[in-house]
Amino acid sequence: MKRVHVAAAVIRGTDGRILIARRADTQHQGGLWEFPGGKVEAGESVQAALARELKEELGIAVRSARPLIKIQHDYPDKQVLLDVWEVSSFTGEPHGAEGQPLAWVSNRELVNYDFPAANQPIVAAARLPADYLITPDDLDNGELLRGIQKAVASGIKLIQLRAPNRYDPQYRDLAVDAVGLCAGKAQLMLKGPLEWLGDFPAAGWHLTAEQLRKYASKGRPFPEERWLAASCHNAEELTLAEQMGVDFVTLSPVQPTQTHPEAVPLGWELVSELIGGFSKPVFLLGGVGPDERSRAWDIGAQGVAGIRAFWPGE
């Protein structure tokens with residue numbers, strides 16, 4: 001069966017909301033919502049297909065777009081490759097040129113709409129930012145919390161509280177304060193034993209590679225409403241992350257790092273290959289920062305994660 005190549009768009013308005021369309025009942029996966037787009041014709045580039053489809057479907061002309069995520073998905077009756085781009089600027093007023101209902105929805109509201117199974121990773125990618133801040137581990141609690149507050153004020157939307165040198169009670173106390181600082185402004189990801197999950201309902205969970213190996217076969221430890229992430233370093237761990245149903249991963253180390261000088265870097269070529277076989281959002285970690293964001297996008301990553309690269313200076 002030949003894989004159908006589809007160009008799709010996460011179209012963002014100036015207010016940050018995303019445009020979605022409802023599929024006609026007569027279509028494949030009819031009645032569900034989708035991100036606008038359509039089939040890439042033979043000999044056509046993805047950008048050309050996207051521009052053509054959005055003109056035909058919505059009456060808009062794309063002005064600026066970048067790669068967001070690529071997803072291979074197998075339905076019982078067809079195989080698709082979704083080539084998804086984020087459209088941040090366009091001309092024209094979007095309307096359902098083919099009679100399809102449209103809706104502008106916020107990141108938070110996206111989860112309330114029913115999408116085809118292949119679109120679930122797009123929903124995650126559309127809701128996630130391009131930067132993932134990981135907290136340093138050589139600061140006292142006061143410094144850590146002040147840094148988190150500053151980062152949130154500067155617009156950071158995704159933060160992992162990584163405090164490997166704390167004892168359990170210390171980390172838990174710190175987590176309570178960090179949850180308060182992030183409430184309604186940024187998504188906090190915690191690390192630690194899964195037994196703590198019930199104590200921090202507002203937080204997402206970032207699993208270590210060790211936890212991934214231990215729990216992947218048991219599937220997702222909590223409902224879809226909460227963010228679940230994992231640290232991956234190779235193809236095997238990415239497969240386990242897929243099996244567990246995580247929402248996103250970090251893939252590291254891309255380049256040599258100061259924090260883990262002993263770790264062998266994957267390099268951009270292998271990273272690109274690994275992302276190509278994985279259908280969830282990936283943040284690249286290890287020797288990367290804001291300067292590498294565009295390069296990360298070009299090879300299909302969600303963005304970049306880092307400690308020093310995003311931690312606000314005193």
# chains A, B, ... in the order shown; residues from 1 in each chain; ligands from 1
>>> residues_around(residues="region 126-131 of chain A", least_positions_apart="3", cutoff="6 Å", atoms="only C-alpha atoms", output="list in words")
Asn107, Ile122, Val123, Gln302, Gly303, Val304 and Ala305 of chain A
>>> closest_atom_pairs(of="region 216-271 of chain A", to="region 118-121 of chain A", cutoff="12 Å", atoms="only C-alpha atoms", output="JSON lines")
{"residue": "A:Glu224", "atom": "CA", "partner": "A:Gln120", "partner_atom": "CA", "distance": 10.5}
{"residue": "A:Glu242", "atom": "CA", "partner": "A:Pro121", "partner_atom": "CA", "distance": 11.0}
{"residue": "A:Gly245", "atom": "CA", "partner": "A:Pro121", "partner_atom": "CA", "distance": 10.3}
{"residue": "A:Val246", "atom": "CA", "partner": "A:Pro121", "partner_atom": "CA", "distance": 9.8}
{"residue": "A:Asp247", "atom": "CA", "partner": "A:Pro121", "partner_atom": "CA", "distance": 7.2}
{"residue": "A:Phe248", "atom": "CA", "partner": "A:Pro121", "partner_atom": "CA", "distance": 8.5}
{"residue": "A:Val249", "atom": "CA", "partner": "A:Pro121", "partner_atom": "CA", "distance": 11.8}
>>> closest_residue(among="A:His95, A:His5, A:Lys214, A:His206", to="Lys70 (chain A)", atoms="only C-alpha atoms")
A:His5
>>> closest_residue(among="A:Phe222, A:Glu41, A:Ala230, A:Ala8", to="Glu195 (chain A)", atoms="only C-alpha atoms")
A:Phe222
